[in-house]
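Asks: work.tsv is reproduced in full below (TSV, C-alpha atoms).
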chain	number	residue	atom	x	y	z
A	1	MET	CA	-4.55	6.24	11.02
A	2	ALA	CA	-3.77	6.65	7.38
A	3	ALA	CA	-4.82	5.08	4.11
A	4	LEU	CA	-2.64	2.60	2.27
A	5	ILE	CA	-2.83	1.48	-1.36
A	6	PHE	CA	-0.91	-1.36	-3.02
A	7	LEU	CA	0.09	-1.26	-6.69
A	8	LEU	CA	0.31	-4.59	-8.49
A	9	ALA	CA	1.83	-5.74	-11.77
A	10	CYS	CA	0.50	-9.06	-12.99
A	11	THR	CA	2.22	-11.28	-15.51
A	12	GLY	CA	0.04	-13.35	-17.78
A	13	ARG	CA	0.70	-16.03	-20.39
A	14	LEU	CA	-0.12	-13.74	-23.32
A	15	ALA	CA	1.03	-10.37	-22.02
A	16	ALA	CA	4.48	-9.54	-20.68
A	17	GLN	CA	3.00	-7.24	-18.04
A	18	THR	CA	-0.54	-6.20	-17.27
A	19	PRO	CA	-0.60	-3.49	-14.59
A	20	ALA	CA	-3.37	-3.82	-12.03
A	21	THR	CA	-4.27	-1.84	-8.96
A	22	ILE	CA	-6.64	-2.21	-6.06
A	23	TRP	CA	-7.77	1.42	-6.38
A	24	PRO	CA	-7.41	3.89	-9.27
A	25	SER	CA	-4.75	6.62	-9.06
A	26	THR	CA	-7.55	9.18	-8.57
A	27	ALA	CA	-8.74	7.53	-5.35
A	28	THR	CA	-7.89	9.56	-2.27
A	29	PRO	CA	-9.39	9.20	1.19
A	30	THR	CA	-11.87	11.84	2.37
A	31	THR	CA	-10.25	11.69	5.82
A	32	PRO	CA	-6.64	10.48	5.47
A	33	ASP	CA	-6.19	10.06	9.22
A	34	VAL	CA	-7.90	10.78	12.50
A	35	GLY	CA	-4.95	12.41	14.26
A	36	SER	CA	-4.07	9.60	16.66
A	37	ASP	CA	-0.57	9.90	18.14
A	38	SER	CA	-0.32	6.15	18.79
A	39	PRO	CA	1.44	3.96	16.22
A	40	VAL	CA	-0.82	1.56	14.35
A	41	GLU	CA	-0.43	-0.91	11.51
A	42	LEU	CA	-3.31	-1.00	9.05
A	43	GLY	CA	-3.78	-3.46	6.28
A	44	VAL	CA	-5.74	-4.45	3.23
A	45	ARG	CA	-6.10	-8.14	2.48
A	46	PHE	CA	-6.22	-8.88	-1.22
A	47	TYR	CA	-5.99	-11.90	-3.48
A	48	SER	CA	-4.63	-12.13	-7.02
A	49	ASP	CA	-5.61	-14.98	-9.31
A	50	THR	CA	-2.80	-14.03	-11.70
A	51	PRO	CA	0.92	-14.43	-10.92
A	52	GLY	CA	2.68	-11.10	-10.51
A	53	TYR	CA	4.57	-8.84	-8.16
A	54	ILE	CA	4.08	-5.71	-6.06
A	55	THR	CA	5.62	-2.59	-7.63
A	56	GLY	CA	4.65	0.00	-5.04
A	57	ILE	CA	2.61	1.11	-2.07
A	58	ARG	CA	0.79	4.44	-1.79
A	59	PHE	CA	0.45	6.05	1.61
A	60	TYR	CA	-1.95	8.89	2.45
A	61	LYS	CA	-1.74	11.08	5.55
A	62	SER	CA	-2.68	14.56	6.68
A	63	ALA	CA	-0.02	17.29	6.90
A	64	ALA	CA	-0.28	17.08	10.70
A	65	ASN	CA	0.72	13.39	10.69
A	66	THR	CA	4.49	13.73	11.11
A	67	GLY	CA	7.19	11.26	12.04
A	68	THR	CA	8.45	8.06	10.49
A	69	HIS	CA	6.04	6.01	8.39
A	70	ILE	CA	6.81	2.44	7.35
A	71	GLY	CA	4.99	0.28	4.80
A	72	ASN	CA	5.01	-3.50	5.22
A	73	LEU	CA	3.99	-6.26	2.83
A	74	TRP	CA	2.87	-9.51	4.48
A	75	SER	CA	2.23	-12.97	3.06
A	76	SER	CA	-1.15	-14.63	3.52
A	77	GLY	CA	0.51	-16.75	6.21
A	78	GLY	CA	1.67	-13.72	8.19
A	79	ALA	CA	5.35	-13.63	7.14
A	80	LEU	CA	6.89	-10.20	6.51
A	81	LEU	CA	7.88	-10.12	2.81
A	82	ALA	CA	9.11	-6.53	2.47
A	83	SER	CA	9.34	-3.30	4.41
A	84	ALA	CA	10.10	0.28	3.33
A	85	THR	CA	10.30	3.63	5.09
A	86	PHE	CA	8.36	6.37	3.29
A	87	THR	CA	10.51	9.39	2.40
A	88	ALA	CA	9.82	12.83	0.94
A	89	GLU	CA	6.21	12.70	2.15
A	90	THR	CA	3.88	15.56	1.31
Show the structure stored in the file as structure tokens.
Replies:
Amino acid sequence: MAALIFLLACTGRLAAQTPATIWPSTATPTTPDVGSDSPVELGVRFYSDTPGYITGIRFYKSAANTGTHIGNLWSSGGALLASATFTAET
């Protein structure tokens, strides 16, 4: 398993853009994954009370966690909104 972070940009009536995030950029998991070889999909449910859009997803993993990693963004109703394959992982 690995840790996943969503980056949000919110648009308000007075400001053109007000960046927001669920976790600060300094937040990193103590244990990024537990070494399972089985594919899993993890998620974080969040709610925004301000209209906006997702600008990025952060993905944390250990160096031993190799292979293809895909990030998905789902609606509150369970519809897949976007999907991206992580590249140039470190």
Asks: Find the residue from A:Ala27, A:Ile22, A:Leu42, A:Ala88 that sits nearest to Gly71 of chain A; use only C-alpha atoms when measuring.
Replies: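 Looking at the shortest contact to Gly71 of chain A, the residue is A:Leu42.
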Asks: Could you check how far atom CA of Thr68 of chain A sits from atom CA of Val44 of chain A, in Å to one decimal?
Replies: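 Separating atom CA of Thr68 of chain A from atom CA of Val44 of chain A is a distance of 20.3 Å.
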Asks: Using only C-alpha atoms, which of A:Ile54, A:Val40, A:His69, A:Lys61 sits nearest Ala82 of chain A?
Replies: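 Comparing A:Ile54, A:Val40, A:His69, A:Lys61 against Ala82 of chain A, the winner is A:Ile54.
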Asks: For Pro29 of chain A, which residue among A:Phe59, A:Phe86, A:Tyr53, A:Trp74 is the nearest when counting all atoms listed in the file?
Replies: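 Checking each of A:Phe59, A:Phe86, A:Tyr53, A:Trp74 against Pro29 of chain A, counting all atoms listed in the file, the winner is A:Phe59.
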Asks: Which value, in Å to one decimal, gives the distance between atom CA of Ile57 of chain A and atom CA of Ser83 of chain A?
Replies: 10.3 Å
Asks: So, with all atoms listed in the file as the atoms that count, which of A:Ser76, A:Thr31, A:Asn65, A:Thr26 lies closest to Tyr47 of chain A?
Replies: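 That would be A:Ser76, the residue with the smallest distance to Tyr47 of chain A.
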Asks: Rank A:Arg58, A:Ala64, A:Thr85, A:Ile70 by their smallest atom-to-atom distance to Trp23 of chain A, using all atoms listed in the file, and report the top residue only.
Replies: A:Arg58
Asks: Restricting the calculation to all atoms listed in the file, which member of A:Asp37, A:Pro24, A:Arg45, A:Thr66 is positioned closest to Thr87 of chain A?
Replies: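 For Thr87 of chain A, the nearest of the given residues is A:Thr66.
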Asks: Rounded to one decimal in Å, what is the spacing between atom CA of Val34 of chain A and atom CA of Asn72 of chain A?
Replies: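 It comes out at 20.6 Å.
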Asks: Write segment 16-30 of chain A as an mmCIF file, in the coordinates of the input, completed to N, CA and C atoms.
Replies:
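Contents of part15.cif, as written:
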data_model
loop_
_atom_site.group_PDB
_atom_site.id
_atom_site.type_symbol
_atom_site.label_atom_id
_atom_site.label_comp_id
_atom_site.auth_asym_id
_atom_site.auth_seq_id
_atom_site.Cartn_x
_atom_site.Cartn_y
_atom_site.Cartn_z
ATOM 1 N N ALA A 16 3.270 -9.606 -21.502
ATOM 2 C CA ALA A 16 4.480 -9.540 -20.680
ATOM 3 C C ALA A 16 4.160 -8.941 -19.319
ATOM 4 N N GLN A 17 3.413 -7.860 -19.298
ATOM 5 C CA GLN A 17 3.000 -7.240 -18.040
ATOM 6 C C GLN A 17 1.624 -6.619 -18.229
ATOM 7 N N THR A 18 0.769 -6.825 -17.276
ATOM 8 C CA THR A 18 -0.540 -6.200 -17.270
ATOM 9 C C THR A 18 -0.698 -5.506 -15.933
ATOM 10 N N PRO A 19 -0.476 -4.183 -15.875
ATOM 11 C CA PRO A 19 -0.600 -3.490 -14.590
ATOM 12 C C PRO A 19 -2.014 -3.617 -14.026
ATOM 13 N N ALA A 20 -2.091 -3.757 -12.734
ATOM 14 C CA ALA A 20 -3.370 -3.820 -12.030
ATOM 15 C C ALA A 20 -3.218 -3.043 -10.737
ATOM 16 N N THR A 21 -4.306 -2.569 -10.214
ATOM 17 C CA THR A 21 -4.270 -1.840 -8.960
ATOM 18 C C THR A 21 -5.540 -2.130 -8.182
ATOM 19 N N ILE A 22 -5.455 -2.011 -6.887
ATOM 20 C CA ILE A 22 -6.640 -2.210 -6.060
ATOM 21 C C ILE A 22 -7.569 -1.015 -6.190
ATOM 22 N N TRP A 23 -6.998 0.191 -6.210
ATOM 23 C CA TRP A 23 -7.770 1.420 -6.380
ATOM 24 C C TRP A 23 -7.158 2.251 -7.498
ATOM 25 N N PRO A 24 -7.962 3.038 -8.219
ATOM 26 C CA PRO A 24 -7.410 3.890 -9.270
ATOM 27 C C PRO A 24 -6.535 4.995 -8.688
ATOM 28 N N SER A 25 -5.661 5.571 -9.526
ATOM 29 C CA SER A 25 -4.750 6.620 -9.060
ATOM 30 C C SER A 25 -5.505 7.865 -8.586
ATOM 31 N N THR A 26 -6.749 8.031 -8.988
ATOM 32 C CA THR A 26 -7.550 9.180 -8.570
ATOM 33 C C THR A 26 -8.184 9.006 -7.202
ATOM 34 N N ALA A 27 -8.110 7.799 -6.657
ATOM 35 C CA ALA A 27 -8.740 7.530 -5.350
ATOM 36 C C ALA A 27 -7.904 8.135 -4.231
ATOM 37 N N THR A 28 -8.524 8.997 -3.459
ATOM 38 C CA THR A 28 -7.890 9.560 -2.270
ATOM 39 C C THR A 28 -8.909 9.522 -1.139
ATOM 40 N N PRO A 29 -8.454 9.279 0.074
ATOM 41 C CA PRO A 29 -9.390 9.200 1.190
ATOM 42 C C PRO A 29 -9.973 10.574 1.538
ATOM 43 N N THR A 30 -11.235 10.598 1.920
ATOM 44 C CA THR A 30 -11.870 11.840 2.370
ATOM 45 C C THR A 30 -11.210 12.313 3.654
#
